[in-house]
>>> print(open('entry_29.txt').read())   # compact mmCIF, C-alpha atoms
# COMPACT_ATOMS: atom_id res chain seq x y z
CA MET A 1 -15.48 121.30 -26.18
CA ALA A 2 -12.55 123.58 -26.95
CA ILE A 3 -12.04 124.53 -30.60
CA HIS A 4 -8.50 125.33 -31.73
CA SER A 5 -7.52 127.02 -34.94
CA ALA A 6 -4.45 126.09 -36.95
CA ASN A 7 -2.62 128.93 -35.22
CA ASN A 8 -3.83 127.88 -31.79
CA MET A 9 -2.83 124.21 -31.66
CA PRO A 10 -3.64 122.45 -28.39
CA THR A 11 -0.48 122.05 -26.34
CA VAL A 12 0.74 119.59 -23.75
CA TYR A 13 3.64 120.54 -21.53
CA ILE A 14 5.83 117.62 -20.48
CA ILE A 15 7.46 118.42 -17.13
CA SER A 16 10.05 116.11 -15.63
CA ASP A 17 12.97 116.07 -13.21
CA SER A 18 14.61 113.62 -15.64
CA ILE A 19 14.51 113.81 -19.44
CA GLY A 20 10.72 113.50 -19.72
CA GLU A 21 10.80 110.66 -22.23
CA THR A 22 8.36 108.47 -20.30
CA ALA A 23 5.75 111.20 -19.88
CA GLU A 24 5.97 112.23 -23.52
CA LEU A 25 5.64 108.64 -24.69
CA VAL A 26 2.46 108.17 -22.66
CA ALA A 27 1.06 111.52 -23.78
CA ARG A 28 1.70 110.74 -27.44
CA ALA A 29 0.17 107.29 -27.04
CA ALA A 30 -2.96 108.93 -25.63
CA ALA A 31 -2.98 111.52 -28.42
CA SER A 32 -2.93 108.75 -31.02
CA GLN A 33 -6.48 107.89 -29.94
CA PHE A 34 -7.72 111.19 -31.37
CA ALA A 35 -7.71 110.70 -35.12
CA GLY A 36 -6.48 113.71 -37.01
CA ALA A 37 -5.79 115.77 -33.91
CA LYS A 38 -2.67 117.91 -34.07
CA ILE A 39 -1.17 118.46 -30.65
CA ASN A 40 1.96 120.38 -29.81
CA PHE A 41 4.19 118.71 -27.21
CA LYS A 42 6.65 120.89 -25.31
CA ARG A 43 9.11 119.05 -23.14
CA LYS A 44 10.57 120.73 -20.05
CA PRO A 45 13.23 118.29 -18.79
CA HIS A 46 15.60 118.34 -15.82
CA ILE A 47 13.34 120.49 -13.65
CA ASN A 48 14.96 120.67 -10.22
CA SER A 49 13.56 123.74 -8.49
CA GLU A 50 10.22 125.26 -7.57
CA GLU A 51 11.12 128.36 -9.56
CA GLU A 52 11.50 126.27 -12.73
CA ILE A 53 8.15 124.59 -12.11
CA MET A 54 6.39 127.95 -11.65
CA CYS A 55 7.97 129.33 -14.82
CA ALA A 56 6.87 126.26 -16.85
CA LEU A 57 3.34 126.34 -15.43
CA GLU A 58 2.89 130.04 -16.12
CA ALA A 59 3.91 129.43 -19.75
CA ALA A 60 1.46 126.51 -19.91
CA ALA A 61 -1.33 128.65 -18.46
CA GLN A 62 -0.76 131.38 -21.05
CA SER A 63 -1.22 128.91 -23.90
CA GLY A 64 -4.11 127.04 -22.29
CA ALA A 65 -2.03 123.89 -22.20
CA ALA A 66 -2.45 120.71 -20.24
CA VAL A 67 0.48 119.41 -18.20
CA VAL A 68 1.71 115.85 -18.03
CA TYR A 69 4.49 115.26 -15.55
CA THR A 70 6.86 112.76 -13.98
CA LEU A 71 8.34 114.13 -10.78
CA VAL A 72 9.71 111.74 -8.19
CA ARG A 73 10.83 114.46 -5.78
CA GLN A 74 7.90 115.04 -3.46
CA ASP A 75 8.64 118.75 -2.89
CA LEU A 76 8.54 119.42 -6.64
CA LYS A 77 5.44 117.28 -7.09
CA GLU A 78 3.57 119.16 -4.35
CA CYS A 79 4.68 122.52 -5.74
CA LEU A 80 3.38 121.63 -9.20
CA GLU A 81 0.05 120.38 -7.90
CA ILE A 82 -0.57 123.51 -5.82
CA LYS A 83 0.50 125.93 -8.55
CA ALA A 84 -1.44 124.07 -11.26
CA ALA A 85 -4.60 124.23 -9.14
CA GLU A 86 -4.11 127.96 -8.59
CA LEU A 87 -3.72 128.55 -12.34
CA GLY A 88 -6.57 126.23 -13.30
CA ILE A 89 -4.29 123.97 -15.34
CA ILE A 90 -5.25 120.40 -16.11
CA SER A 91 -2.34 118.27 -14.86
CA VAL A 92 -1.74 114.53 -14.98
CA ASP A 93 0.81 112.68 -12.84
CA ILE A 94 2.15 109.79 -14.92
CA MET A 95 4.53 108.28 -12.36
CA TYR A 96 3.04 108.50 -8.87
CA PRO A 97 -0.01 106.18 -9.21
CA VAL A 98 2.26 103.35 -10.36
CA ILE A 99 4.82 104.09 -7.65
CA ALA A 100 2.06 104.07 -5.04
CA ALA A 101 0.76 100.73 -6.29
CA LEU A 102 4.21 99.16 -6.21
CA GLU A 103 4.87 100.60 -2.76
CA SER A 104 1.67 98.98 -1.56
CA ILE A 105 2.36 95.49 -2.91
CA THR A 106 6.08 95.41 -2.06
CA GLY A 107 6.02 97.09 1.32
CA LEU A 108 9.09 99.05 0.24
CA SER A 109 9.64 102.79 0.09
CA PRO A 110 10.52 104.40 -3.26
CA ARG A 111 13.95 105.98 -3.63
CA ASN A 112 12.47 109.15 -5.17
CA GLU A 113 15.58 109.59 -7.28
CA SER A 114 15.21 110.91 -10.81
CA GLY A 115 16.76 109.26 -13.86
CA LEU A 116 17.08 105.78 -12.35
CA ILE A 117 15.70 103.98 -15.41
CA ARG A 118 18.37 105.56 -17.59
CA LYS A 119 21.03 104.46 -15.12
CA VAL A 120 19.67 100.91 -15.21
CA ASP A 121 19.56 100.96 -19.03
CA LYS A 122 23.13 102.27 -19.17
CA GLU A 123 24.35 99.45 -16.94
CA TYR A 124 22.42 96.88 -18.98
CA PHE A 125 23.83 98.01 -22.30
CA ALA A 126 27.33 98.17 -20.80
CA LYS A 127 26.97 94.48 -19.86
CA VAL A 128 25.70 93.57 -23.32
CA GLU A 129 28.64 95.38 -24.91
CA ALA A 130 31.06 93.61 -22.58
CA VAL A 131 29.60 90.18 -23.42
CA GLU A 132 29.89 90.92 -27.15
CA PHE A 133 33.47 92.00 -26.55
CA ALA A 134 34.31 88.77 -24.70
CA VAL A 135 32.92 86.68 -27.57
CA LYS A 136 34.66 88.74 -30.24
CA TYR A 137 38.06 88.53 -28.58
CA ASP A 138 37.81 85.01 -27.21
CA ASP A 139 40.70 82.57 -27.53
CA GLY A 140 43.16 85.05 -29.01
CA LYS A 141 40.91 86.18 -31.86
CA ASN A 142 41.88 89.50 -33.42
CA PRO A 143 44.86 90.53 -31.21
CA SER A 144 44.43 94.15 -32.30
CA GLY A 145 41.51 94.33 -29.91
CA LEU A 146 43.57 93.56 -26.82
CA ALA A 147 44.38 97.23 -26.31
CA LYS A 148 40.64 97.93 -26.00
CA ALA A 149 40.16 95.40 -23.19
CA ASP A 150 39.77 96.32 -19.54
CA LEU A 151 41.47 93.02 -18.72
CA VAL A 152 43.19 90.28 -20.68
CA ILE A 153 43.14 86.73 -19.30
CA VAL A 154 45.95 84.35 -20.25
CA GLY A 155 46.60 80.70 -19.49
CA VAL A 156 46.86 77.21 -20.92
CA SER A 157 43.86 75.38 -22.37
CA ARG A 158 41.09 74.40 -19.91
CA THR A 159 41.87 76.91 -17.17
CA SER A 160 38.39 78.46 -17.59
CA LYS A 161 39.53 81.59 -19.41
CA THR A 162 36.37 81.91 -21.49
CA PRO A 163 33.86 81.33 -18.64
CA LEU A 164 35.78 83.84 -16.55
CA CYS A 165 35.63 86.45 -19.32
CA ILE A 166 31.88 85.95 -19.74
CA TYR A 167 31.34 86.21 -15.99
CA LEU A 168 33.37 89.43 -15.88
CA ALA A 169 31.36 90.75 -18.82
CA HIS A 170 28.19 90.42 -16.76
CA LYS A 171 29.90 92.72 -14.28
CA GLY A 172 30.50 95.23 -17.06
CA VAL A 173 34.19 94.41 -17.53
CA LYS A 174 35.47 93.99 -21.09
CA ALA A 175 37.76 90.97 -20.93
CA ALA A 176 39.62 89.22 -23.74
CA ASN A 177 41.59 86.03 -23.39
CA VAL A 178 44.70 84.61 -25.01
CA PRO A 179 45.74 80.94 -24.83
CA LEU A 180 49.36 80.23 -24.00
CA VAL A 181 50.51 77.52 -26.37
CA ALA A 182 54.20 76.84 -27.02
CA GLU A 183 53.53 76.02 -30.67
CA ALA A 184 51.83 79.40 -31.24
CA PRO A 185 53.59 82.25 -29.40
CA PRO A 186 51.27 84.96 -28.03
CA PRO A 187 50.77 88.08 -30.15
CA ASP A 188 53.09 91.04 -29.80
CA GLU A 189 50.12 93.17 -28.74
CA LEU A 190 49.98 91.25 -25.46
CA PHE A 191 53.46 92.40 -24.48
CA ASN A 192 52.52 96.01 -25.11
CA LEU A 193 49.98 95.95 -22.28
CA PRO A 194 50.76 97.02 -18.72
CA GLY A 195 51.02 94.15 -16.26
CA ASN A 196 48.04 95.33 -14.24
CA LYS A 197 45.74 94.75 -17.23
CA ILE A 198 46.69 91.07 -17.51
CA ILE A 199 45.63 88.15 -15.33
CA GLY A 200 47.39 84.80 -15.67
CA LEU A 201 45.58 81.61 -14.76
CA THR A 202 47.40 78.49 -13.68
CA ILE A 203 46.30 75.13 -12.31
CA LYS A 204 47.94 72.06 -10.81
CA PRO A 205 49.02 69.75 -13.67
CA ILE A 206 47.37 66.63 -12.21
CA ILE A 207 44.02 68.44 -11.96
CA LEU A 208 44.41 69.89 -15.44
CA GLN A 209 45.07 66.42 -16.82
CA GLU A 210 41.80 65.11 -15.40
CA ILE A 211 39.88 68.11 -16.74
CA ARG A 212 41.30 67.53 -20.21
CA LYS A 213 40.52 63.84 -20.07
CA GLN A 214 36.94 64.63 -19.13
CA ARG A 215 36.75 67.05 -22.02
CA LEU A 216 37.94 64.36 -24.42
CA ARG A 217 35.41 61.88 -23.04
CA THR A 218 32.63 64.43 -23.54
CA MET A 219 33.72 64.81 -27.16
CA GLY A 220 33.78 61.03 -27.63
CA LEU A 221 37.54 60.98 -28.12
CA SER A 222 40.26 58.82 -26.62
CA VAL A 223 41.87 60.12 -23.45
CA ASP A 224 45.19 58.66 -24.59
CA THR A 225 46.15 61.67 -26.67
CA ASN A 226 48.99 64.14 -26.44
CA TYR A 227 46.53 66.82 -25.32
CA ALA A 228 45.95 65.04 -22.02
CA SER A 229 49.44 63.58 -21.51
CA MET A 230 51.33 64.70 -18.43
CA GLU A 231 54.42 65.36 -20.54
CA LYS A 232 52.46 67.79 -22.74
CA ILE A 233 50.81 69.45 -19.78
CA SER A 234 54.09 69.89 -17.90
CA THR A 235 55.67 71.50 -20.97
CA GLU A 236 52.73 73.87 -21.38
CA TYR A 237 52.75 74.64 -17.66
CA GLU A 238 56.40 75.70 -17.70
CA TYR A 239 55.96 77.64 -20.92
CA ALA A 240 52.93 79.51 -19.56
CA TRP A 241 54.84 80.47 -16.43
CA SER A 242 57.72 81.81 -18.50
CA ILE A 243 55.34 84.02 -20.49
CA MET A 244 53.51 85.26 -17.42
CA ARG A 245 56.79 86.20 -15.77
CA LYS A 246 57.70 88.26 -18.85
CA LEU A 247 54.30 89.95 -18.74
CA GLY A 248 54.71 90.83 -15.08
CA CYS A 249 51.07 90.06 -14.43
CA THR A 250 49.10 88.74 -11.49
CA VAL A 251 48.88 84.95 -11.54
CA ILE A 252 45.97 83.10 -9.96
CA ASP A 253 45.94 79.39 -9.20
CA VAL A 254 42.43 78.28 -10.16
CA THR A 255 42.85 74.73 -8.84
CA ASN A 256 39.57 73.77 -7.13
CA LYS A 257 38.24 77.32 -7.54
CA SER A 258 34.85 78.05 -9.04
CA VAL A 259 34.57 80.68 -11.75
CA GLU A 260 32.73 82.88 -9.25
CA GLU A 261 35.60 82.65 -6.73
CA THR A 262 38.19 83.46 -9.37
CA ALA A 263 36.09 86.34 -10.70
CA ALA A 264 35.73 87.86 -7.23
CA TYR A 265 39.51 87.88 -6.84
CA VAL A 266 40.02 89.26 -10.36
CA LEU A 267 37.47 92.05 -9.80
CA ASP A 268 39.24 93.05 -6.61
CA ILE A 269 42.54 93.28 -8.52
CA TYR A 270 40.87 95.19 -11.34
CA ARG A 271 39.39 97.77 -8.99
CA LYS A 272 42.70 98.27 -7.21
CA GLY A 273 44.55 98.46 -10.53
CA VAL A 274 47.72 96.81 -9.22
CA VAL A 275 49.63 93.61 -9.84
CA THR A 276 49.38 91.32 -6.85
CA SER A 277 50.08 87.78 -5.75
CA GLU A 278 47.44 85.35 -4.54
>>> encode(input="entry_29.txt", output="structure tokens")
Amino acid sequence: MAIHSANNMPTVYIISDSIGETAELVARAAASQFAGAKINFKRKPHINSEEEIMCALEAAAQSGAAVVYTLVRQDLKECLEIKAAELGIISVDIMYPVIAALESITGLSPRNESGLIRKVDKEYFAKVEAVEFAVKYDDGKNPSGLAKADLVIVGVSRTSKTPLCIYLAHKGVKAANVPLVAEAPPPDELFNLPGNKIIGLTIKPIILQEIRKQRLRTMGLSVDTNYASMEKISTEYEYAWSIMRKLGCTVIDVTNKSVEETAAYVLDIYRKGVVTSE
């Protein structure tokens, strides 16, 4: 059993072609099983050449350190294993046994690309942020936030503005929506946006009337209200068109379209960054 003085603390080198967080986490978890042990962890991240591996291993050998590593590139992994054996260094591969097991049960080949988990995490948190954005700026709330949106969806009530914004959020797009109601003119902030950041939704009045009636039934209310009257809907329809013409935005007829269909069209427009016509 090796005895280390206070000035000769046992050391573990963390070698990774990514940031090394996974390997260090596992190493520290293992170290926690040794009560009172003081272990020095030295992380060597973003290793991408055989020269860097040799330099790290030589430093580890000089201090009598063990090496824990996560290398998905096979050339680097083989280099480390050969050099570590030559130097008599204890080395532990954290990643490969799990990759091998998954390869066996899935029948798939690993991508052997470093940093993928961070890319996945980044995409995940971008989606979460976009969903929070859609909720925060739903239905015209806080117009000051419109300038922060990737897209702003406008239209009369019941044209699926909110579901569309949530769907877009799951694609990482920050979308706000503003209802177009004659009695409450849209905020000035909306007119300060470029037309290619705004999507207008429209729908055939007769279809909209039935959707609104169904909404009222669901709420246990009478369908014979102004909200579902054709006169009201026609007025809103014309008003919405007048606003969308002023905005110079793309207008999509969502009649008989699913949210997914509308979103696919919107995403195409967003990626092209131009105003278009359906």
>>> closest_atom_pairs(input="entry_29.txt", of="segment 94-177 of chain A", to="segment 248-267 of chain A", cutoff="8 Å", atoms="all atoms listed in the file", output="JSON lines")
{"residue": "A:Thr159", "atom": "CA", "partner": "A:Val254", "partner_atom": "CA", "distance": 7.2}
{"residue": "A:Ser160", "atom": "CA", "partner": "A:Val259", "partner_atom": "CA", "distance": 7.3}
{"residue": "A:Pro163", "atom": "CA", "partner": "A:Val259", "partner_atom": "CA", "distance": 7.0}
{"residue": "A:Leu164", "atom": "CA", "partner": "A:Val259", "partner_atom": "CA", "distance": 5.9}
{"residue": "A:Tyr167", "atom": "CA", "partner": "A:Ala263", "partner_atom": "CA", "distance": 7.1}
{"residue": "A:Leu168", "atom": "CA", "partner": "A:Ala263", "partner_atom": "CA", "distance": 6.6}
>>> residues_around(input="entry_29.txt", residues="segment 107-113 of chain A", least_positions_apart="5", cutoff="10 Å", atoms="all atoms listed in the file", output="list in words")
Asp17, Ser18, Leu71, Val72, Arg73, Gln74, Ile99, Ala100, Ala101 and Leu102 of chain A
>>> axis_aligned_box(input="entry_29.txt", around="segment 104-107 of chain A", padding_each_side="8 Å", output="AutoDock Vina command-line options")
--center_x 3.9 --center_y 97.2 --center_z -0.8 --size_x 20.4 --size_y 19.6 --size_z 20.2
>>> residues_around(input="entry_29.txt", residues="Lys42 of chain A", least_positions_apart="6", cutoff="12 Å", atoms="only C-alpha atoms", output="mmCIF file with C-alpha atoms, in the frame of the given file")
data_model
loop_
_atom_site.group_PDB
_atom_site.id
_atom_site.type_symbol
_atom_site.label_atom_id
_atom_site.label_comp_id
_atom_site.auth_asym_id
_atom_site.auth_seq_id
_atom_site.Cartn_x
_atom_site.Cartn_y
_atom_site.Cartn_z
ATOM 1 C CA MET A 9 -2.830 124.210 -31.660
ATOM 2 C CA PRO A 10 -3.640 122.450 -28.390
ATOM 3 C CA THR A 11 -0.480 122.050 -26.340
ATOM 4 C CA VAL A 12 0.740 119.590 -23.750
ATOM 5 C CA TYR A 13 3.640 120.540 -21.530
ATOM 6 C CA ILE A 14 5.830 117.620 -20.480
ATOM 7 C CA ILE A 15 7.460 118.420 -17.130
ATOM 8 C CA SER A 16 10.050 116.110 -15.630
ATOM 9 C CA GLY A 20 10.720 113.500 -19.720
ATOM 10 C CA GLU A 21 10.800 110.660 -22.230
ATOM 11 C CA ALA A 23 5.750 111.200 -19.880
ATOM 12 C CA GLU A 24 5.970 112.230 -23.520
ATOM 13 C CA ALA A 27 1.060 111.520 -23.780
ATOM 14 C CA ARG A 28 1.700 110.740 -27.440
ATOM 15 C CA ALA A 56 6.870 126.260 -16.850
ATOM 16 C CA LEU A 57 3.340 126.340 -15.430
ATOM 17 C CA ALA A 59 3.910 129.430 -19.750
ATOM 18 C CA ALA A 60 1.460 126.510 -19.910
ATOM 19 C CA SER A 63 -1.220 128.910 -23.900
ATOM 20 C CA ALA A 65 -2.030 123.890 -22.200
ATOM 21 C CA ALA A 66 -2.450 120.710 -20.240
ATOM 22 C CA VAL A 67 0.480 119.410 -18.200
ATOM 23 C CA VAL A 68 1.710 115.850 -18.030
ATOM 24 C CA TYR A 69 4.490 115.260 -15.550
#
>>> closest_residue(input="entry_29.txt", among="A:Val223, A:Val154, A:Ile105, A:Ile203", to="Phe191 of chain A", atoms="all atoms listed in the file")
A:Val154
>>> closest_residue(input="entry_29.txt", among="A:Glu123, A:Asp188, A:Glu183, A:Asp93", to="Thr70 of chain A", atoms="all atoms listed in the file")
A:Asp93
>>> residues_around(input="entry_29.txt", residues="Tyr237 of chain A", least_positions_apart="4", cutoff="10 Å", atoms="all atoms listed in the file", output="ChimeraX atom specification")
/A:155-156,180-182,202-205,208,231-233,241-242
>>> atom_distance(input="entry_29.txt", atom1="atom CA of Glu189 of chain A", atom2="atom CA of Asn142 of chain A")
10.2 Å
>>> atom_distance(input="entry_29.txt", atom1="atom CA of Gly273 of chain A", atom2="atom CA of His170 of chain A")
19.3 Å
>>> residues_around(input="entry_29.txt", residues="Thr225 of chain A", least_positions_apart="6", cutoff="10 Å", atoms="all atoms listed in the file", output="PyMOL selection string")
chain A and resi 212-213+216+232
>>> write_last_selection(input="entry_29.txt", atoms="C-alpha atoms", output="CSV table (one decimal), keeping the file's coordinate frame")
chain,number,residue,atom,x,y,z
A,212,ARG,CA,41.3,67.5,-20.2
A,213,LYS,CA,40.5,63.8,-20.1
A,216,LEU,CA,37.9,64.4,-24.4
A,232,LYS,CA,52.5,67.8,-22.7
>>> atom_distance(input="entry_29.txt", atom1="atom CA of Ala184 of chain A", atom2="atom CA of Gly140 of chain A")
10.6 Å
>>> closest_residue(input="entry_29.txt", among="A:Met54, A:Lys161, A:Leu190, A:Ala126", to="Ala147 of chain A", atoms="all atoms listed in the file")
A:Leu190
>>> build_atoms(input="entry_29.txt", residues="segment 216-240 of chain A", atoms="N, CA, C and O atoms", output="PDB file, keeping the file's coordinate frame")
ATOM      1  N   LEU A 216      37.821  65.318 -23.309  1.00  0.00           N
ATOM      2  CA  LEU A 216      37.940  64.360 -24.420  1.00  0.00           C
ATOM      3  C   LEU A 216      36.826  63.320 -24.378  1.00  0.00           C
ATOM      4  O   LEU A 216      36.276  62.945 -25.417  1.00  0.00           O
ATOM      5  N   ARG A 217      36.494  62.847 -23.176  1.00  0.00           N
ATOM      6  CA  ARG A 217      35.410  61.880 -23.040  1.00  0.00           C
ATOM      7  C   ARG A 217      34.092  62.489 -23.522  1.00  0.00           C
ATOM      8  O   ARG A 217      33.301  61.820 -24.203  1.00  0.00           O
ATOM      9  N   THR A 218      33.857  63.742 -23.135  1.00  0.00           N
ATOM     10  CA  THR A 218      32.630  64.430 -23.540  1.00  0.00           C
ATOM     11  C   THR A 218      32.527  64.529 -25.056  1.00  0.00           C
ATOM     12  O   THR A 218      31.446  64.430 -25.633  1.00  0.00           O
ATOM     13  N   MET A 219      33.679  64.688 -25.700  1.00  0.00           N
ATOM     14  CA  MET A 219      33.720  64.810 -27.160  1.00  0.00           C
ATOM     15  C   MET A 219      33.755  63.454 -27.852  1.00  0.00           C
ATOM     16  O   MET A 219      33.790  63.383 -29.077  1.00  0.00           O
ATOM     17  N   GLY A 220      33.763  62.361 -27.063  1.00  0.00           N
ATOM     18  CA  GLY A 220      33.780  61.030 -27.630  1.00  0.00           C
ATOM     19  C   GLY A 220      35.146  60.626 -28.176  1.00  0.00           C
ATOM     20  O   GLY A 220      35.240  59.764 -29.058  1.00  0.00           O
ATOM     21  N   LEU A 221      36.192  61.252 -27.653  1.00  0.00           N
ATOM     22  CA  LEU A 221      37.540  60.980 -28.120  1.00  0.00           C
ATOM     23  C   LEU A 221      38.324  60.191 -27.081  1.00  0.00           C
ATOM     24  O   LEU A 221      37.961  60.129 -25.896  1.00  0.00           O
ATOM     25  N   SER A 222      39.413  59.592 -27.516  1.00  0.00           N
ATOM     26  CA  SER A 222      40.260  58.820 -26.620  1.00  0.00           C
ATOM     27  C   SER A 222      41.013  59.744 -25.668  1.00  0.00           C
ATOM     28  O   SER A 222      41.484  60.812 -26.061  1.00  0.00           O
ATOM     29  N   VAL A 223      41.129  59.316 -24.428  1.00  0.00           N
ATOM     30  CA  VAL A 223      41.870  60.120 -23.450  1.00  0.00           C
ATOM     31  C   VAL A 223      43.382  59.935 -23.612  1.00  0.00           C
ATOM     32  O   VAL A 223      44.171  60.691 -23.029  1.00  0.00           O
ATOM     33  N   ASP A 224      43.765  58.931 -24.379  1.00  0.00           N
ATOM     34  CA  ASP A 224      45.190  58.660 -24.590  1.00  0.00           C
ATOM     35  C   ASP A 224      45.727  59.479 -25.754  1.00  0.00           C
ATOM     36  O   ASP A 224      46.203  58.939 -26.752  1.00  0.00           O
ATOM     37  N   THR A 225      45.639  60.768 -25.636  1.00  0.00           N
ATOM     38  CA  THR A 225      46.150  61.670 -26.670  1.00  0.00           C
ATOM     39  C   THR A 225      47.192  62.586 -26.056  1.00  0.00           C
ATOM     40  O   THR A 225      47.282  62.727 -24.830  1.00  0.00           O
ATOM     41  N   ASN A 226      47.947  63.222 -26.913  1.00  0.00           N
ATOM     42  CA  ASN A 226      48.990  64.140 -26.440  1.00  0.00           C
ATOM     43  C   ASN A 226      48.405  65.282 -25.622  1.00  0.00           C
ATOM     44  O   ASN A 226      49.016  65.765 -24.669  1.00  0.00           O
ATOM     45  N   TYR A 227      47.200  65.695 -25.990  1.00  0.00           N
ATOM     46  CA  TYR A 227      46.530  66.820 -25.320  1.00  0.00           C
ATOM     47  C   TYR A 227      46.401  66.598 -23.817  1.00  0.00           C
ATOM     48  O   TYR A 227      46.522  67.538 -23.020  1.00  0.00           O
ATOM     49  N   ALA A 228      46.160  65.345 -23.436  1.00  0.00           N
ATOM     50  CA  ALA A 228      45.950  65.040 -22.020  1.00  0.00           C
ATOM     51  C   ALA A 228      47.149  64.350 -21.379  1.00  0.00           C
ATOM     52  O   ALA A 228      47.077  63.898 -20.235  1.00  0.00           O
ATOM     53  N   SER A 229      48.269  64.245 -22.083  1.00  0.00           N
ATOM     54  CA  SER A 229      49.440  63.580 -21.510  1.00  0.00           C
ATOM     55  C   SER A 229      50.119  64.489 -20.497  1.00  0.00           C
ATOM     56  O   SER A 229      50.168  65.714 -20.663  1.00  0.00           O
ATOM     57  N   MET A 230      50.665  63.905 -19.452  1.00  0.00           N
ATOM     58  CA  MET A 230      51.330  64.700 -18.430  1.00  0.00           C
ATOM     59  C   MET A 230      52.574  65.375 -18.978  1.00  0.00           C
ATOM     60  O   MET A 230      52.906  66.494 -18.569  1.00  0.00           O
ATOM     61  N   GLU A 231      53.244  64.749 -19.931  1.00  0.00           N
ATOM     62  CA  GLU A 231      54.420  65.360 -20.540  1.00  0.00           C
ATOM     63  C   GLU A 231      54.035  66.664 -21.257  1.00  0.00           C
ATOM     64  O   GLU A 231      54.699  67.703 -21.104  1.00  0.00           O
ATOM     65  N   LYS A 232      52.949  66.616 -22.019  1.00  0.00           N
ATOM     66  CA  LYS A 232      52.460  67.790 -22.740  1.00  0.00           C
ATOM     67  C   LYS A 232      52.041  68.883 -21.772  1.00  0.00           C
ATOM     68  O   LYS A 232      52.368  70.066 -21.939  1.00  0.00           O
ATOM     69  N   ILE A 233      51.311  68.480 -20.752  1.00  0.00           N
ATOM     70  CA  ILE A 233      50.810  69.450 -19.780  1.00  0.00           C
ATOM     71  C   ILE A 233      51.955  70.109 -19.019  1.00  0.00           C
ATOM     72  O   ILE A 233      51.951  71.326 -18.807  1.00  0.00           O
ATOM     73  N   SER A 234      52.944  69.334 -18.625  1.00  0.00           N
ATOM     74  CA  SER A 234      54.090  69.890 -17.900  1.00  0.00           C
ATOM     75  C   SER A 234      54.845  70.906 -18.755  1.00  0.00           C
ATOM     76  O   SER A 234      55.276  71.961 -18.277  1.00  0.00           O
ATOM     77  N   THR A 235      54.995  70.575 -20.044  1.00  0.00           N
ATOM     78  CA  THR A 235      55.670  71.500 -20.970  1.00  0.00           C
ATOM     79  C   THR A 235      54.886  72.801 -21.094  1.00  0.00           C
ATOM     80  O   THR A 235      55.459  73.900 -21.046  1.00  0.00           O
ATOM     81  N   GLU A 236      53.574  72.681 -21.267  1.00  0.00           N
ATOM     82  CA  GLU A 236      52.730  73.870 -21.380  1.00  0.00           C
ATOM     83  C   GLU A 236      52.753  74.689 -20.090  1.00  0.00           C
ATOM     84  O   GLU A 236      52.783  75.919 -20.119  1.00  0.00           O
ATOM     85  N   TYR A 237      52.748  73.984 -18.967  1.00  0.00           N
ATOM     86  CA  TYR A 237      52.750  74.640 -17.660  1.00  0.00           C
ATOM     87  C   TYR A 237      53.990  75.514 -17.498  1.00  0.00           C
ATOM     88  O   TYR A 237      53.894  76.683 -17.108  1.00  0.00           O
ATOM     89  N   GLU A 238      55.153  74.954 -17.827  1.00  0.00           N
ATOM     90  CA  GLU A 238      56.400  75.700 -17.700  1.00  0.00           C
ATOM     91  C   GLU A 238      56.455  76.858 -18.705  1.00  0.00           C
ATOM     92  O   GLU A 238      56.915  77.959 -18.391  1.00  0.00           O
ATOM     93  N   TYR A 239      55.971  76.605 -19.902  1.00  0.00           N
ATOM     94  CA  TYR A 239      55.960  77.640 -20.920  1.00  0.00           C
ATOM     95  C   TYR A 239      55.062  78.806 -20.492  1.00  0.00           C
ATOM     96  O   TYR A 239      55.441  79.984 -20.615  1.00  0.00           O
ATOM     97  N   ALA A 240      53.870  78.481 -19.990  1.00  0.00           N
ATOM     98  CA  ALA A 240      52.930  79.510 -19.560  1.00  0.00           C
ATOM     99  C   ALA A 240      53.533  80.371 -18.453  1.00  0.00           C
ATOM    100  O   ALA A 240      53.416  81.602 -18.466  1.00  0.00           O
TER     101      ALA A 240
END
